[in-house]
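Chemist: Take a look at this one; I'll ask things after.
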Amino acid sequence: MIPAPPTEAVLVIDDQEQNIRIVGTVLSMMGYEVIPATNAEQAFRRLTVRTPDLILLDLLMPEVDGLEVCRRLKADARWADVPVIFLSAADDPNLVVQALECGGVDYVTKPFNKAELISRVRTHLALKKARDDLRHLAEDKDELVGILAHDLKNHLAGMKLSASLLAGRIGEMPPRCATLAENIALSTNRMLVFVKEFLANQSAEHLVLKPVPVELTALLAGLVAQHQAEAVLKQITLTASLAAEPALVQADPEALRQVVDNLLSNAIKFAPMGGSVALSGGQSWAGCARFEVRDSGPGFLEADREKLFRRYGRLSARPTGGEPSTGLGLSIVKRLLEQMRGKISLESQPGEGARFSVLLPLAAPAPTPDPDS
């Protein structure tokens with residue numbers, strides 16, 4: 001036999017037992033399990049035994065009213081996602097607004113129409129089920145992606161090492177084998193870059209940033225130094241022109257490093273052999289600090305601007321040294337900056353390079369010590 005689907009439970013909280021019986025009869029006839037409670041204390045005891053799928057809550061109750069019960073529900077992670085429909089004989093618009101602002105999803109006035117009540121209950125139970133299904137799908141997706149990406153990264157790293165060892169013995173191989181070894185090394189490196197950027201993108205979606213005061217000029221100077229070797233390989237002149245005065249910005253240090261690192265990497269990737277990349281700024285202005293990354297690359301077409309910060313957006317320009325490009329870097333940059341209340345803008349003309357400008361909020365100045373304290 002096919003087991004019956006689990007019965008959805010509705011907690012009905014009302015200080016009038018007659019109201020509970022009326023509502024309970026209607027809901028029971030529709031196949032719902034009804035959990036009665038005549039006051040807040042009893043309701044929370046019921047909740048610790050079983051979490052319902054929906055709560056019908058009387059607004060005007062003695063001692064602890066419905067608004068306070070709803071606030072307590074929404075403040076507790078165990079029940080915060082349970083939808084609450086208020087039931088009340090009061091039709092004061094101000095009370096309706098208060099009920100919805102404290103976390104209620106709907107409001108039904110007494111005496112209620114049975115068909116209307118059933119319709120509202122069905123609608124909000126269906127919405128809750130849809131939200132729960134989406135959350136479970138997202139959790140399953142994140143878990144699967146994490147497993148696949150981790151395993152792929154490990155295997156690709158091993159393949160890259162093996163390919164590097166083969167590349168060291170190319171002179172001992174027939175020309176055909178040497179070409180195949182070079183192709184393996186190139187393809188493996190491209191896949192490894194993609195997996196790393198994919199993981200960075202997933203991390204940016206769920207990252208909880210912790211902004212603290214960060215000295216921007218020192219951070220920029222350090223990252224320019226780290227990218228010098230990469231620039232030398234393409235004979236690119238990488239320069240930094242930074243403010244003499246320090247600029248304290250409110251940002252997450254690791255997220256800010258990732259932003260600057262992606263902008264510099266992209267600039268070097270798309271600049272031509274013998275070209276230039278320049279990082280400048282660090283000055284404070286109107287409550288913000290600003291820095292810019294300029295390159296002598298091909299620039300962007302108007303058609304590129306619509307998908308510039310879109311994930312996996314393929315733009316008209318291509319890396320000048322055969323480097324892999326996933327289309328994730330700029331989307332990660334924008335997402336991280338938005339979480340730090342920063343902004344990014346682009347100035348570019350086709351064939352004339354690109355200039356990315358970033359604004360970050362300044363950190364609040366430290367309080368001056370009171371000499372009398």
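Within each chain, counting starts at residue 1; across the structure tokens, chains are named A, B, ... in the order shown, with ligands numbered 1 upward in that order.
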Give me the residues near A:Met159 as a list in words, where near means some atom within 12 Å (using only C-alpha atoms) and where sequence neighbours in that chain fewer than 3 positions away do not count.

Modeler: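 Answer for this query is Leu152, Lys153, Asn154, His155, Leu156, Ser162, Ala163, Ser164, Leu165, Leu166, Ala181, Ile184, Ala185, Leu186, Ser187, Thr188, Asn189, Arg190, Met191 and Leu192 of chain A.
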
Chemist: Skip A:Tyr107 itself and residues of its chain fewer than 5 positions away, then list as an MDAnalysis selection string all residues within 12 Å of it, counting only C-alpha atoms.

Modeler: chainID A and resid 55:59 66 83:93 95:101 112 116:117 120:121 124

Chemist: Store the residues picked out above, limited to N, CA and C atoms, as an mmCIF file, in the first residue's frame.

Modeler:
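Writing the result to result-v1.cif gives the following:
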data_model
loop_
_atom_site.group_PDB
_atom_site.id
_atom_site.type_symbol
_atom_site.label_atom_id
_atom_site.label_comp_id
_atom_site.auth_asym_id
_atom_site.auth_seq_id
_atom_site.Cartn_x
_atom_site.Cartn_y
_atom_site.Cartn_z
ATOM 1 N N ILE A 55 0.353 28.847 11.444
ATOM 2 C CA ILE A 55 -0.208 29.291 12.727
ATOM 3 C C ILE A 55 -1.336 30.284 12.453
ATOM 4 N N LEU A 56 -2.495 30.021 13.046
ATOM 5 C CA LEU A 56 -3.601 30.982 13.052
ATOM 6 C C LEU A 56 -3.593 31.624 14.429
ATOM 7 N N LEU A 57 -3.427 32.942 14.482
ATOM 8 C CA LEU A 57 -3.154 33.619 15.745
ATOM 9 C C LEU A 57 -4.161 34.743 15.994
ATOM 10 N N ASP A 58 -4.861 34.647 17.125
ATOM 11 C CA ASP A 58 -5.787 35.716 17.518
ATOM 12 C C ASP A 58 -4.975 36.953 17.902
ATOM 13 N N LEU A 59 -5.418 38.087 17.412
ATOM 14 C CA LEU A 59 -4.663 39.320 17.656
ATOM 15 C C LEU A 59 -4.867 39.850 19.075
ATOM 16 N N GLY A 66 -1.463 38.892 20.484
ATOM 17 C CA GLY A 66 -0.962 38.209 19.296
ATOM 18 C C GLY A 66 0.278 38.851 18.707
ATOM 19 N N PRO A 83 4.624 30.403 8.696
ATOM 20 C CA PRO A 83 3.752 31.545 8.389
ATOM 21 C C PRO A 83 2.670 31.727 9.452
ATOM 22 N N VAL A 84 2.373 33.005 9.736
ATOM 23 C CA VAL A 84 1.372 33.352 10.750
ATOM 24 C C VAL A 84 0.256 34.158 10.088
ATOM 25 N N ILE A 85 -0.983 33.646 10.218
ATOM 26 C CA ILE A 85 -2.161 34.388 9.763
ATOM 27 C C ILE A 85 -2.889 34.895 11.000
ATOM 28 N N PHE A 86 -3.096 36.195 11.075
ATOM 29 C CA PHE A 86 -3.811 36.771 12.215
ATOM 30 C C PHE A 86 -5.317 36.659 12.024
ATOM 31 N N LEU A 87 -6.011 36.351 13.114
ATOM 32 C CA LEU A 87 -7.475 36.336 13.154
ATOM 33 C C LEU A 87 -7.920 37.344 14.196
ATOM 34 N N SER A 88 -8.824 38.243 13.822
ATOM 35 C CA SER A 88 -9.270 39.227 14.798
ATOM 36 C C SER A 88 -10.591 39.849 14.375
ATOM 37 N N ALA A 89 -11.392 40.190 15.401
ATOM 38 C CA ALA A 89 -12.630 40.909 15.143
ATOM 39 C C ALA A 89 -12.358 42.384 14.889
ATOM 40 N N ALA A 90 -11.190 42.857 15.268
ATOM 41 C CA ALA A 90 -10.837 44.260 15.066
ATOM 42 C C ALA A 90 -10.440 44.487 13.606
ATOM 43 N N ASP A 91 -11.023 45.509 12.992
ATOM 44 C CA ASP A 91 -10.684 45.806 11.601
ATOM 45 C C ASP A 91 -9.988 47.164 11.491
ATOM 46 N N ASP A 92 -9.348 47.580 12.580
ATOM 47 C CA ASP A 92 -8.595 48.827 12.600
ATOM 48 C C ASP A 92 -7.410 48.704 11.640
ATOM 49 N N PRO A 93 -7.308 49.569 10.627
ATOM 50 C CA PRO A 93 -6.195 49.474 9.665
ATOM 51 C C PRO A 93 -4.824 49.539 10.338
ATOM 52 N N LEU A 95 -4.006 48.326 13.256
ATOM 53 C CA LEU A 95 -3.706 47.000 13.799
ATOM 54 C C LEU A 95 -3.296 46.029 12.697
ATOM 55 N N VAL A 96 -3.935 46.141 11.552
ATOM 56 C CA VAL A 96 -3.578 45.286 10.412
ATOM 57 C C VAL A 96 -2.119 45.540 10.016
ATOM 58 N N VAL A 97 -1.749 46.821 9.940
ATOM 59 C CA VAL A 97 -0.373 47.174 9.571
ATOM 60 C C VAL A 97 0.608 46.635 10.604
ATOM 61 N N GLN A 98 0.291 46.811 11.897
ATOM 62 C CA GLN A 98 1.175 46.293 12.950
ATOM 63 C C GLN A 98 1.331 44.778 12.854
ATOM 64 N N ALA A 99 0.217 44.089 12.576
ATOM 65 C CA ALA A 99 0.259 42.625 12.478
ATOM 66 C C ALA A 99 1.175 42.174 11.346
ATOM 67 N N LEU A 100 1.086 42.842 10.212
ATOM 68 C CA LEU A 100 1.926 42.459 9.073
ATOM 69 C C LEU A 100 3.389 42.862 9.289
ATOM 70 N N GLU A 101 3.609 44.007 9.942
ATOM 71 C CA GLU A 101 4.982 44.463 10.166
ATOM 72 C C GLU A 101 5.726 43.602 11.178
ATOM 73 N N PHE A 112 -15.342 35.201 10.228
ATOM 74 C CA PHE A 112 -14.724 34.926 8.936
ATOM 75 C C PHE A 112 -15.633 34.079 8.053
ATOM 76 N N GLU A 116 -13.268 31.602 2.555
ATOM 77 C CA GLU A 116 -12.119 32.518 2.508
ATOM 78 C C GLU A 116 -10.994 32.011 3.398
ATOM 79 N N LEU A 117 -11.348 31.552 4.605
ATOM 80 C CA LEU A 117 -10.330 31.051 5.529
ATOM 81 C C LEU A 117 -9.599 29.855 4.927
ATOM 82 N N ARG A 120 -7.214 31.001 2.215
ATOM 83 C CA ARG A 120 -6.003 31.627 2.739
ATOM 84 C C ARG A 120 -5.055 30.576 3.323
ATOM 85 N N VAL A 121 -5.626 29.618 4.052
ATOM 86 C CA VAL A 121 -4.800 28.562 4.643
ATOM 87 C C VAL A 121 -4.100 27.760 3.550
ATOM 88 N N HIS A 124 -1.201 29.831 1.828
ATOM 89 C CA HIS A 124 0.034 30.024 2.594
ATOM 90 C C HIS A 124 0.740 28.707 2.901
#

Chemist: List every residue of stretch 97-138 of chain A that DSSP, applied to the backbone, labels as alpha helix (DSSP H), and write the result as a VMD selection string.

Modeler: chain A and resid 97 to 101 114 to 138

Chemist: How would the residues just picked look written out with N, CA and C atoms as a PDB file, in the first residue's frame?

Modeler:
ATOM      1  N   VAL A  97      -1.749  46.821   9.940  1.00  0.00           N
ATOM      2  CA  VAL A  97      -0.373  47.174   9.571  1.00  0.00           C
ATOM      3  C   VAL A  97       0.608  46.635  10.604  1.00  0.00           C
ATOM      4  N   GLN A  98       0.291  46.811  11.897  1.00  0.00           N
ATOM      5  CA  GLN A  98       1.175  46.293  12.950  1.00  0.00           C
ATOM      6  C   GLN A  98       1.331  44.778  12.854  1.00  0.00           C
ATOM      7  N   ALA A  99       0.217  44.089  12.576  1.00  0.00           N
ATOM      8  CA  ALA A  99       0.259  42.625  12.478  1.00  0.00           C
ATOM      9  C   ALA A  99       1.175  42.174  11.346  1.00  0.00           C
ATOM     10  N   LEU A 100       1.086  42.842  10.212  1.00  0.00           N
ATOM     11  CA  LEU A 100       1.926  42.459   9.073  1.00  0.00           C
ATOM     12  C   LEU A 100       3.389  42.862   9.289  1.00  0.00           C
ATOM     13  N   GLU A 101       3.609  44.007   9.942  1.00  0.00           N
ATOM     14  CA  GLU A 101       4.982  44.463  10.166  1.00  0.00           C
ATOM     15  C   GLU A 101       5.726  43.602  11.178  1.00  0.00           C
ATOM     16  N   LYS A 114     -15.935  30.924   5.828  1.00  0.00           N
ATOM     17  CA  LYS A 114     -15.227  29.637   5.843  1.00  0.00           C
ATOM     18  C   LYS A 114     -14.440  29.399   4.562  1.00  0.00           C
ATOM     19  N   ALA A 115     -15.058  29.697   3.437  1.00  0.00           N
ATOM     20  CA  ALA A 115     -14.368  29.479   2.161  1.00  0.00           C
ATOM     21  C   ALA A 115     -13.131  30.360   2.055  1.00  0.00           C
ATOM     22  N   GLU A 116     -13.268  31.602   2.555  1.00  0.00           N
ATOM     23  CA  GLU A 116     -12.119  32.518   2.508  1.00  0.00           C
ATOM     24  C   GLU A 116     -10.994  32.011   3.398  1.00  0.00           C
ATOM     25  N   LEU A 117     -11.348  31.552   4.605  1.00  0.00           N
ATOM     26  CA  LEU A 117     -10.330  31.051   5.529  1.00  0.00           C
ATOM     27  C   LEU A 117      -9.599  29.855   4.927  1.00  0.00           C
ATOM     28  N   ILE A 118     -10.356  28.901   4.369  1.00  0.00           N
ATOM     29  CA  ILE A 118      -9.726  27.721   3.764  1.00  0.00           C
ATOM     30  C   ILE A 118      -8.807  28.123   2.617  1.00  0.00           C
ATOM     31  N   SER A 119      -9.258  29.081   1.812  1.00  0.00           N
ATOM     32  CA  SER A 119      -8.441  29.534   0.688  1.00  0.00           C
ATOM     33  C   SER A 119      -7.137  30.158   1.166  1.00  0.00           C
ATOM     34  N   ARG A 120      -7.214  31.001   2.215  1.00  0.00           N
ATOM     35  CA  ARG A 120      -6.003  31.627   2.739  1.00  0.00           C
ATOM     36  C   ARG A 120      -5.055  30.576   3.323  1.00  0.00           C
ATOM     37  N   VAL A 121      -5.626  29.618   4.052  1.00  0.00           N
ATOM     38  CA  VAL A 121      -4.800  28.562   4.643  1.00  0.00           C
ATOM     39  C   VAL A 121      -4.100  27.760   3.550  1.00  0.00           C
ATOM     40  N   ARG A 122      -4.840  27.344   2.529  1.00  0.00           N
ATOM     41  CA  ARG A 122      -4.253  26.570   1.433  1.00  0.00           C
ATOM     42  C   ARG A 122      -3.143  27.354   0.734  1.00  0.00           C
ATOM     43  N   THR A 123      -3.414  28.629   0.482  1.00  0.00           N
ATOM     44  CA  THR A 123      -2.434  29.457  -0.231  1.00  0.00           C
ATOM     45  C   THR A 123      -1.124  29.548   0.533  1.00  0.00           C
ATOM     46  N   HIS A 124      -1.201  29.831   1.828  1.00  0.00           N
ATOM     47  CA  HIS A 124       0.034  30.024   2.594  1.00  0.00           C
ATOM     48  C   HIS A 124       0.740  28.707   2.901  1.00  0.00           C
ATOM     49  N   LEU A 125      -0.002  27.621   3.002  1.00  0.00           N
ATOM     50  CA  LEU A 125       0.654  26.317   3.140  1.00  0.00           C
ATOM     51  C   LEU A 125       1.385  25.954   1.843  1.00  0.00           C
ATOM     52  N   ALA A 126       0.756  26.262   0.701  1.00  0.00           N
ATOM     53  CA  ALA A 126       1.410  25.988  -0.586  1.00  0.00           C
ATOM     54  C   ALA A 126       2.661  26.846  -0.754  1.00  0.00           C
ATOM     55  N   LEU A 127       2.587  28.113  -0.346  1.00  0.00           N
ATOM     56  CA  LEU A 127       3.754  28.991  -0.442  1.00  0.00           C
ATOM     57  C   LEU A 127       4.888  28.500   0.466  1.00  0.00           C
ATOM     58  N   LYS A 128       4.517  28.060   1.669  1.00  0.00           N
ATOM     59  CA  LYS A 128       5.548  27.544   2.581  1.00  0.00           C
ATOM     60  C   LYS A 128       6.210  26.297   2.006  1.00  0.00           C
ATOM     61  N   LYS A 129       5.398  25.410   1.431  1.00  0.00           N
ATOM     62  CA  LYS A 129       5.963  24.197   0.834  1.00  0.00           C
ATOM     63  C   LYS A 129       6.913  24.549  -0.312  1.00  0.00           C
ATOM     64  N   ALA A 130       6.520  25.535  -1.116  1.00  0.00           N
ATOM     65  CA  ALA A 130       7.385  25.951  -2.226  1.00  0.00           C
ATOM     66  C   ALA A 130       8.700  26.526  -1.699  1.00  0.00           C
ATOM     67  N   ARG A 131       8.634  27.344  -0.641  1.00  0.00           N
ATOM     68  CA  ARG A 131       9.855  27.902  -0.048  1.00  0.00           C
ATOM     69  C   ARG A 131      10.741  26.803   0.524  1.00  0.00           C
ATOM     70  N   ASP A 132      10.106  25.856   1.225  1.00  0.00           N
ATOM     71  CA  ASP A 132      10.886  24.755   1.795  1.00  0.00           C
ATOM     72  C   ASP A 132      11.551  23.923   0.708  1.00  0.00           C
ATOM     73  N   ASP A 133      10.820  23.648  -0.364  1.00  0.00           N
ATOM     74  CA  ASP A 133      11.390  22.866  -1.472  1.00  0.00           C
ATOM     75  C   ASP A 133      12.567  23.598  -2.109  1.00  0.00           C
ATOM     76  N   LEU A 134      12.411  24.913  -2.302  1.00  0.00           N
ATOM     77  CA  LEU A 134      13.499  25.701  -2.898  1.00  0.00           C
ATOM     78  C   LEU A 134      14.726  25.716  -1.987  1.00  0.00           C
ATOM     79  N   ARG A 135      14.488  25.840  -0.683  1.00  0.00           N
ATOM     80  CA  ARG A 135      15.609  25.838   0.254  1.00  0.00           C
ATOM     81  C   ARG A 135      16.339  24.497   0.234  1.00  0.00           C
ATOM     82  N   HIS A 136      15.571  23.399   0.200  1.00  0.00           N
ATOM     83  CA  HIS A 136      16.197  22.077   0.157  1.00  0.00           C
ATOM     84  C   HIS A 136      16.966  21.878  -1.139  1.00  0.00           C
ATOM     85  N   LEU A 137      16.396  22.359  -2.257  1.00  0.00           N
ATOM     86  CA  LEU A 137      17.108  22.260  -3.529  1.00  0.00           C
ATOM     87  C   LEU A 137      18.403  23.050  -3.493  1.00  0.00           C
ATOM     88  N   ALA A 138      18.352  24.245  -2.897  1.00  0.00           N
ATOM     89  CA  ALA A 138      19.563  25.073  -2.814  1.00  0.00           C
ATOM     90  C   ALA A 138      20.613  24.400  -1.941  1.00  0.00           C
TER      91      ALA A 138
END

Chemist: Give me, please, the distance in Å between atom CA of A:Pro361 and atom CA of A:Thr239, quoted to one decimal.

Modeler: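 We find that atom CA of A:Pro361 and atom CA of A:Thr239 lie 24.6 Å from each other.
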
Chemist: Please determine, counting only C-alpha atoms, which residue among A:Cys177, A:Ala167, A:Met340, A:Ala354 has the shortest atom-to-atom distance to A:Val249.

Modeler: A:Met340

Chemist: Let me make sure I understand: among A:Leu362, A:Cys102, A:Val260, A:Leu27, which one has the smallest atom-to-atom distance to A:Val69 if we use only C-alpha atoms?

Modeler: A:Cys102

Chemist: By how many Å are atom CA of A:Val277 and atom CA of A:Ala240 apart?

Modeler: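 Answer for the atom CA of A:Val277 to atom CA of A:Ala240 separation: 8.8 Å.
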
Chemist: One number please: atom CA of A:Cys70 to atom CA of A:Ile22, in Å, one decimal.

Modeler: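 Pair atom CA of A:Cys70 / atom CA of A:Ile22 returns 22.1 Å.
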
Chemist: Using only C-alpha atoms, find the one residue out of A:Asn39, A:Met173, A:Ala303, A:Ala77 that sits nearest to A:Ile20.

Modeler: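 Of A:Asn39, A:Met173, A:Ala303, A:Ala77, the one nearest A:Ile20, counting only C-alpha atoms, is A:Asn39.
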
Chemist: With distances taken over only C-alpha atoms, which residue among A:Phe291, A:Arg355, A:Leu60, A:Gly168 lies nearest A:Leu219?

Modeler: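 Comparing A:Phe291, A:Arg355, A:Leu60, A:Gly168 against A:Leu219, the winner is A:Phe291.
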
Chemist: Considering only C-alpha atoms, return as a ChimeraX atom specification whatever protein or nucleic-acid residues lie within 12 Å of stretch 48-50 of chain A, sequence-local ones (same chain, fewer than 2 positions apart) excluded.

Modeler: /A:8-11,33-35,41-46,52-54,73,76,78-79,82

Chemist: Can you tell me which residues surround A:Ile268 at a distance of at most 9 Å, considering only C-alpha atoms, apart from same-chain residues fewer than 6 positions away, and format the answer as number ranges by chain?

Modeler: A: 227, 230-231, 234, 236, 238, 275-277, 295, 297, 319-320

Chemist: Taking only C-alpha atoms into account, which of A:Arg310, A:Ser284, A:Val23, A:Leu279 comes nearest A:Lys110?

Modeler: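 Comparing A:Arg310, A:Ser284, A:Val23, A:Leu279 against A:Lys110, the winner is A:Val23.
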
Chemist: So, counting only C-alpha atoms, which residue among A:Asp65, A:Glu352, A:Asp304, A:Asp252 is closest to A:Pro211?

Modeler: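 Comparing A:Asp65, A:Glu352, A:Asp304, A:Asp252 against A:Pro211, the winner is A:Asp252.
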